[in-house]
Amino acid sequence: MTTRQMPKPSEIFDLVQFKRPELDPRKRRLDSALTIDDLRAIAKRRTPAAAFDYTDGGAEGELSLARARQAFEDVEFHPSILNDVSAIDPSTTILGDGSALPFGIAPTGFTRLMQTEGEIAGASAAGAAGIPFSLSTLGTTSIEDVRDANPAGRNWFQLYVMRQREISYQLVERAAAAGYDTLFFTVDTPVAGARLRDKRNGFSIPPQVSLGTVLDAIPRPWWWWDFLTTRKLEFASLSSTGGTVGELLDSAMDPTISFDDLEIIRRMWPGKLVVKGVQTLDDARKLTDLGVDGIVLSNHGGRQLDRAPVPFHLLPTVAREVGADTEIMVDTGIMNGADIVASLALGARFTLIGRAYLYGLMAGGRAGVDRAISILAEQVTRTMQLLEVNTVDELGPEHVTQLTRLAPRTLDPALHV
Ligand SMILES: Cc1cc2nc3c(=O)[nH]c(=O)nc-3n(C[C@H](O)[C@H](O)[C@H](O)COP(=O)(O)O)c2cc1C
């Protein structure tokens, strides 16, 4: 028999604590997100389907993206024990300077379409967190405005070598003049990947309005209010070059770009040069021999060649072969700080996040990007503590097994990487 007693009113406050209601709806919304997936769910509710799908989707059957995420899920960690991890340090150095966390923001085009604070939110949040921000050639905020939003932090510029080469060369000069320290030369876009969601949604810039768009807009009035009452959506760094959005977009993908272009850009660019979109060991070796400062193992977030290699699978071999001679970064599929820690353990010097940041942006503008960064930062820190390492340099292959659900049937590196 349970003996019961009535609590004294004064004791009630010892037994339960009353939570003060959060009156700011944006903060309430963002505080409720504990993972990047939670931010994605909020983003989906608040963003028109065409803009959300443009961000969320991949090419063709979206196998590259699904596999990249699965590869991260298939990580087994091996923690050590009885180390003091009360004050760990997740900072690192990359391309000659520091970063407070072992990840930076990847370049993404059309960013203000997702949420109008766009690159300004990303760059200022990155600056506040002490991590690098990358601006795309197809960004919707200019090179100079991004620098002004992140004046003391690190800004990186991503270059598409355009059909009209002069346009790209001017961008390279502007980025150098604005103090960007690193140039990412993206090489996995000879033509555009087939983004079927965009085709099905009739995605276009400016947005095409159909009955479907109107119905989709009804539950998302704030997005439309923002979109219609803020600066016009355009490729801001390219706007002075003339040409419609469609013409500029067409010009950004040039099937003729080659190693000669890399050489020209290298001669023009005074800072660090990184090639983004490397997908084989052979190319990693070739670029390392050419003396580039870094490479990004990436399949463009699964948005270009579907069934492309999973970058995280390439990582151990590429790191073993060229990691001493160039700085290796990895992206595609990162949704959790544990993915970042696993990448560092297998030889990446740094990682980039694309969608993880954009989900935050769509969920709540600048505050949403802050939330995305802090979720990943907490996950990185906690994972390092649970692995019982104090610094990113202590992470090594002994901390990770890649489970083999997706491994190639033969593991001959000559054939598969
Ligand atoms: C909406 C969107 C736009 C992108 N635009 C560019 C771009 O303009 N230039 C580029 O090099 N990569 C672009 N990327 C690829 C990212 O830089 C990065 O490689 C990719 O997002 C990493 O995968 P994740 O989204 O799973 O993190 C884009 C990615 C997304 C999601």
# chains A, B, ... in the order shown; residues from 1 in each chain; ligands from 1
>>> residues_near_ligand(ligand="ligand 1", cutoff="9 Å", atoms="only C-alpha atoms and all ligand atoms", output="PyMOL selection string")
chain A and resi 51-58+65+68-69+105-111+114+134-139+158-160+184-189+276-277+296-303+330-335+352-358
>>> residues_around(residues="stretch 163-176 of chain A", least_positions_apart="5", cutoff="7 Å", atoms="only C-alpha atoms", output="number ranges by chain")
A: 143, 157, 251-252, 254, 269
>>> closest_atom_pairs(of="stretch 73-137 of chain A", to="stretch 311-328 of chain A", cutoff="12 Å", atoms="only C-alpha atoms", output="tab-separated table")
residue	atom	partner	partner_atom	distance
A:Glu73	CA	A:Phe312	CA	11.2
A:Asp74	CA	A:Phe312	CA	10.8
A:Val75	CA	A:Phe312	CA	10.4
A:Thr93	CA	A:Glu327	CA	10.3
A:Ile94	CA	A:Glu327	CA	7.6
A:Leu95	CA	A:Glu327	CA	7.3
A:Gly96	CA	A:Glu327	CA	10.2
>>> write_last_selection(atoms="all heavy atoms", output="compact mmCIF listing (two decimals), in the first residue's frame")
# COMPACT_ATOMS: atom_id res chain seq x y z
N GLU A 73 25.98 7.37 -41.52
CA GLU A 73 25.25 6.59 -40.50
C GLU A 73 26.00 5.30 -40.18
O GLU A 73 25.92 4.78 -39.08
CB GLU A 73 23.84 6.27 -40.99
CG GLU A 73 22.90 7.45 -40.82
CD GLU A 73 21.61 7.27 -41.61
OE1 GLU A 73 21.22 6.13 -41.91
OE2 GLU A 73 21.00 8.31 -41.95
N ASP A 74 26.69 4.78 -41.20
CA ASP A 74 27.39 3.50 -41.03
C ASP A 74 28.78 3.67 -40.42
O ASP A 74 29.71 2.93 -40.77
CB ASP A 74 27.50 2.78 -42.37
CG ASP A 74 26.16 2.20 -42.81
OD1 ASP A 74 25.19 2.31 -42.03
OD2 ASP A 74 26.08 1.65 -43.92
N VAL A 75 28.92 4.63 -39.55
CA VAL A 75 30.19 4.82 -38.85
C VAL A 75 30.10 4.10 -37.51
O VAL A 75 29.10 4.21 -36.81
CB VAL A 75 30.46 6.32 -38.61
CG1 VAL A 75 31.46 6.53 -37.50
CG2 VAL A 75 30.95 6.97 -39.90
N THR A 93 43.30 24.41 -37.77
CA THR A 93 43.80 25.36 -38.76
C THR A 93 43.54 24.78 -40.13
O THR A 93 43.57 23.56 -40.32
CB THR A 93 45.32 25.62 -38.61
OG1 THR A 93 45.97 24.35 -38.64
CG2 THR A 93 45.64 26.34 -37.32
N ILE A 94 43.27 25.68 -41.07
CA ILE A 94 42.99 25.24 -42.43
C ILE A 94 43.46 26.33 -43.38
O ILE A 94 43.17 27.51 -43.16
CB ILE A 94 41.47 24.91 -42.60
CG1 ILE A 94 41.16 24.52 -44.04
CG2 ILE A 94 40.56 26.04 -42.15
CD1 ILE A 94 41.64 23.17 -44.44
N LEU A 95 44.19 25.92 -44.39
CA LEU A 95 44.64 26.85 -45.44
C LEU A 95 45.29 28.09 -44.84
O LEU A 95 44.96 29.23 -45.19
CB LEU A 95 43.47 27.21 -46.36
CG LEU A 95 42.86 26.00 -47.09
CD1 LEU A 95 41.48 26.31 -47.61
CD2 LEU A 95 43.79 25.51 -48.19
N GLY A 96 46.14 27.84 -43.87
CA GLY A 96 46.98 28.92 -43.35
C GLY A 96 46.38 29.79 -42.27
O GLY A 96 46.99 30.76 -41.84
>>> closest_residue(among="A:Leu113, A:Ala123, A:Met329, A:Val161", to="A:Lys232", atoms="only C-alpha atoms")
A:Leu113
>>> closest_residue(among="A:Leu290, A:Leu238, A:Ile375, A:Ala367", to="A:Arg28", atoms="only C-alpha atoms")
A:Ala367
>>> select_by_dssp(residues="stretch 24-179 of chain A", states="alpha helix (DSSP H)", output="PyMOL selection string")
chain A and resi 25-31+36-46+49-56+63-73+111-114+118-129+143-149+165-177
>>> atom_distance(atom1="atom CA of A:Ser124", atom2="atom CA of A:Ile36")
19.5 Å
>>> residues_around(residues="A:His78", least_positions_apart="6", cutoff="9 Å", atoms="only C-alpha atoms", output="ChimeraX atom specification")
/A:387,398-401
>>> decode(residues="stretch 192-207 of chain A", atoms="all heavy atoms", output="PDB file, in the first residue's frame")
ATOM      1  N   ALA A 192      24.788  20.930 -66.149  1.00  0.00           N
ATOM      2  CA  ALA A 192      23.972  20.870 -64.930  1.00  0.00           C
ATOM      3  C   ALA A 192      23.463  19.446 -64.713  1.00  0.00           C
ATOM      4  O   ALA A 192      23.101  18.753 -65.671  1.00  0.00           O
ATOM      5  CB  ALA A 192      22.795  21.830 -65.054  1.00  0.00           C
ATOM      6  N   GLY A 193      23.443  18.998 -63.460  1.00  0.00           N
ATOM      7  CA  GLY A 193      22.809  17.716 -63.143  1.00  0.00           C
ATOM      8  C   GLY A 193      21.303  17.826 -63.353  1.00  0.00           C
ATOM      9  O   GLY A 193      20.750  18.930 -63.389  1.00  0.00           O
ATOM     10  N   ALA A 194      20.654  16.670 -63.497  1.00  0.00           N
ATOM     11  CA  ALA A 194      19.197  16.683 -63.739  1.00  0.00           C
ATOM     12  C   ALA A 194      18.460  16.687 -62.403  1.00  0.00           C
ATOM     13  O   ALA A 194      18.322  15.646 -61.751  1.00  0.00           O
ATOM     14  CB  ALA A 194      18.793  15.478 -64.561  1.00  0.00           C
ATOM     15  N   ARG A 195      18.028  17.852 -61.981  1.00  0.00           N
ATOM     16  CA  ARG A 195      17.303  17.967 -60.707  1.00  0.00           C
ATOM     17  C   ARG A 195      15.819  17.798 -61.003  1.00  0.00           C
ATOM     18  O   ARG A 195      15.141  18.745 -61.410  1.00  0.00           O
ATOM     19  CB  ARG A 195      17.571  19.325 -60.078  1.00  0.00           C
ATOM     20  CG  ARG A 195      19.021  19.793 -60.173  1.00  0.00           C
ATOM     21  CD  ARG A 195      19.830  19.507 -58.945  1.00  0.00           C
ATOM     22  NE  ARG A 195      21.248  19.770 -59.216  1.00  0.00           N
ATOM     23  CZ  ARG A 195      21.836  20.960 -59.147  1.00  0.00           C
ATOM     24  NH1 ARG A 195      21.134  22.020 -58.779  1.00  0.00           N
ATOM     25  NH2 ARG A 195      23.121  21.098 -59.402  1.00  0.00           N
ATOM     26  N   LEU A 196      15.363  16.583 -60.833  1.00  0.00           N
ATOM     27  CA  LEU A 196      14.003  16.272 -61.291  1.00  0.00           C
ATOM     28  C   LEU A 196      12.942  16.981 -60.463  1.00  0.00           C
ATOM     29  O   LEU A 196      11.887  17.355 -60.977  1.00  0.00           O
ATOM     30  CB  LEU A 196      13.786  14.754 -61.277  1.00  0.00           C
ATOM     31  CG  LEU A 196      14.771  13.963 -62.149  1.00  0.00           C
ATOM     32  CD1 LEU A 196      14.406  12.485 -62.168  1.00  0.00           C
ATOM     33  CD2 LEU A 196      14.836  14.506 -63.573  1.00  0.00           C
ATOM     34  N   ARG A 197      13.235  17.196 -59.177  1.00  0.00           N
ATOM     35  CA  ARG A 197      12.232  17.909 -58.375  1.00  0.00           C
ATOM     36  C   ARG A 197      11.992  19.302 -58.954  1.00  0.00           C
ATOM     37  O   ARG A 197      10.868  19.781 -58.981  1.00  0.00           O
ATOM     38  CB  ARG A 197      12.714  18.084 -56.930  1.00  0.00           C
ATOM     39  CG  ARG A 197      12.765  16.809 -56.141  1.00  0.00           C
ATOM     40  CD  ARG A 197      12.756  17.171 -54.652  1.00  0.00           C
ATOM     41  NE  ARG A 197      13.624  16.314 -53.882  1.00  0.00           N
ATOM     42  CZ  ARG A 197      13.758  16.384 -52.564  1.00  0.00           C
ATOM     43  NH1 ARG A 197      13.099  17.289 -51.874  1.00  0.00           N
ATOM     44  NH2 ARG A 197      14.546  15.562 -51.915  1.00  0.00           N
ATOM     45  N   ASP A 198      13.085  19.947 -59.399  1.00  0.00           N
ATOM     46  CA  ASP A 198      12.936  21.302 -59.946  1.00  0.00           C
ATOM     47  C   ASP A 198      12.090  21.272 -61.216  1.00  0.00           C
ATOM     48  O   ASP A 198      11.241  22.136 -61.436  1.00  0.00           O
ATOM     49  CB  ASP A 198      14.300  21.919 -60.268  1.00  0.00           C
ATOM     50  CG  ASP A 198      15.137  22.147 -59.016  1.00  0.00           C
ATOM     51  OD1 ASP A 198      14.587  21.964 -57.917  1.00  0.00           O
ATOM     52  OD2 ASP A 198      16.318  22.497 -59.143  1.00  0.00           O
ATOM     53  N   LYS A 199      12.340  20.250 -62.047  1.00  0.00           N
ATOM     54  CA  LYS A 199      11.544  20.148 -63.278  1.00  0.00           C
ATOM     55  C   LYS A 199      10.076  19.961 -62.932  1.00  0.00           C
ATOM     56  O   LYS A 199       9.198  20.595 -63.497  1.00  0.00           O
ATOM     57  CB  LYS A 199      12.022  18.965 -64.123  1.00  0.00           C
ATOM     58  CG  LYS A 199      13.416  19.157 -64.690  1.00  0.00           C
ATOM     59  CD  LYS A 199      13.515  18.608 -66.117  1.00  0.00           C
ATOM     60  CE  LYS A 199      14.819  19.026 -66.771  1.00  0.00           C
ATOM     61  NZ  LYS A 199      15.942  18.103 -66.498  1.00  0.00           N
ATOM     62  N   ARG A 200       9.826  19.062 -61.988  1.00  0.00           N
ATOM     63  CA  ARG A 200       8.417  18.776 -61.632  1.00  0.00           C
ATOM     64  C   ARG A 200       7.744  19.998 -61.018  1.00  0.00           C
ATOM     65  O   ARG A 200       6.557  20.218 -61.212  1.00  0.00           O
ATOM     66  CB  ARG A 200       8.347  17.600 -60.661  1.00  0.00           C
ATOM     67  CG  ARG A 200       8.791  16.317 -61.327  1.00  0.00           C
ATOM     68  CD  ARG A 200       8.469  15.065 -60.534  1.00  0.00           C
ATOM     69  NE  ARG A 200       8.857  13.916 -61.347  1.00  0.00           N
ATOM     70  CZ  ARG A 200       9.866  13.101 -61.058  1.00  0.00           C
ATOM     71  NH1 ARG A 200      10.556  13.264 -59.949  1.00  0.00           N
ATOM     72  NH2 ARG A 200      10.167  12.116 -61.867  1.00  0.00           N
ATOM     73  N   ASN A 201       8.509  20.778 -60.259  1.00  0.00           N
ATOM     74  CA  ASN A 201       7.926  21.960 -59.608  1.00  0.00           C
ATOM     75  C   ASN A 201       7.853  23.155 -60.552  1.00  0.00           C
ATOM     76  O   ASN A 201       7.375  24.214 -60.157  1.00  0.00           O
ATOM     77  CB  ASN A 201       8.777  22.385 -58.403  1.00  0.00           C
ATOM     78  CG  ASN A 201       8.632  21.428 -57.224  1.00  0.00           C
ATOM     79  OD1 ASN A 201       7.593  20.805 -57.062  1.00  0.00           O
ATOM     80  ND2 ASN A 201       9.669  21.302 -56.422  1.00  0.00           N
ATOM     81  N   GLY A 202       8.403  23.032 -61.759  1.00  0.00           N
ATOM     82  CA  GLY A 202       8.465  24.188 -62.658  1.00  0.00           C
ATOM     83  C   GLY A 202       9.311  25.293 -62.049  1.00  0.00           C
ATOM     84  O   GLY A 202       9.054  26.478 -62.243  1.00  0.00           O
ATOM     85  N   PHE A 203      10.367  24.893 -61.298  1.00  0.00           N
ATOM     86  CA  PHE A 203      11.222  25.856 -60.592  1.00  0.00           C
ATOM     87  C   PHE A 203      11.868  26.814 -61.591  1.00  0.00           C
ATOM     88  O   PHE A 203      12.446  26.402 -62.585  1.00  0.00           O
ATOM     89  CB  PHE A 203      12.307  25.075 -59.854  1.00  0.00           C
ATOM     90  CG  PHE A 203      13.366  25.925 -59.219  1.00  0.00           C
ATOM     91  CD1 PHE A 203      13.135  26.539 -58.010  1.00  0.00           C
ATOM     92  CD2 PHE A 203      14.596  26.090 -59.831  1.00  0.00           C
ATOM     93  CE1 PHE A 203      14.121  27.314 -57.409  1.00  0.00           C
ATOM     94  CE2 PHE A 203      15.589  26.861 -59.240  1.00  0.00           C
ATOM     95  CZ  PHE A 203      15.348  27.472 -58.030  1.00  0.00           C
ATOM     96  N   SER A 204      11.767  28.089 -61.318  1.00  0.00           N
ATOM     97  CA  SER A 204      12.444  29.054 -62.183  1.00  0.00           C
ATOM     98  C   SER A 204      12.725  30.326 -61.390  1.00  0.00           C
ATOM     99  O   SER A 204      12.167  30.537 -60.311  1.00  0.00           O
ATOM    100  CB  SER A 204      11.570  29.407 -63.383  1.00  0.00           C
ATOM    101  OG  SER A 204      10.492  30.199 -62.949  1.00  0.00           O
ATOM    102  N   ILE A 205      13.629  31.130 -61.930  1.00  0.00           N
ATOM    103  CA  ILE A 205      13.930  32.420 -61.305  1.00  0.00           C
ATOM    104  C   ILE A 205      13.673  33.499 -62.345  1.00  0.00           C
ATOM    105  O   ILE A 205      14.240  33.412 -63.428  1.00  0.00           O
ATOM    106  CB  ILE A 205      15.391  32.477 -60.865  1.00  0.00           C
ATOM    107  CG1 ILE A 205      15.641  31.336 -59.901  1.00  0.00           C
ATOM    108  CG2 ILE A 205      15.697  33.838 -60.298  1.00  0.00           C
ATOM    109  CD1 ILE A 205      16.553  31.607 -58.776  1.00  0.00           C
ATOM    110  N   PRO A 206      12.816  34.511 -62.118  1.00  0.00           N
ATOM    111  CA  PRO A 206      11.975  34.638 -60.929  1.00  0.00           C
ATOM    112  C   PRO A 206      10.921  33.522 -60.869  1.00  0.00           C
ATOM    113  O   PRO A 206      10.616  32.918 -61.893  1.00  0.00           O
ATOM    114  CB  PRO A 206      11.307  36.005 -61.138  1.00  0.00           C
ATOM    115  CG  PRO A 206      11.385  36.273 -62.602  1.00  0.00           C
ATOM    116  CD  PRO A 206      12.603  35.586 -63.108  1.00  0.00           C
ATOM    117  N   PRO A 207      10.387  33.253 -59.644  1.00  0.00           N
ATOM    118  CA  PRO A 207       9.424  32.159 -59.512  1.00  0.00           C
ATOM    119  C   PRO A 207       8.242  32.329 -60.465  1.00  0.00           C
ATOM    120  O   PRO A 207       7.726  33.428 -60.632  1.00  0.00           O
ATOM    121  CB  PRO A 207       8.968  32.261 -58.053  1.00  0.00           C
ATOM    122  CG  PRO A 207      10.005  33.048 -57.360  1.00  0.00           C
ATOM    123  CD  PRO A 207      10.629  33.947 -58.372  1.00  0.00           C
TER     124      PRO A 207
END
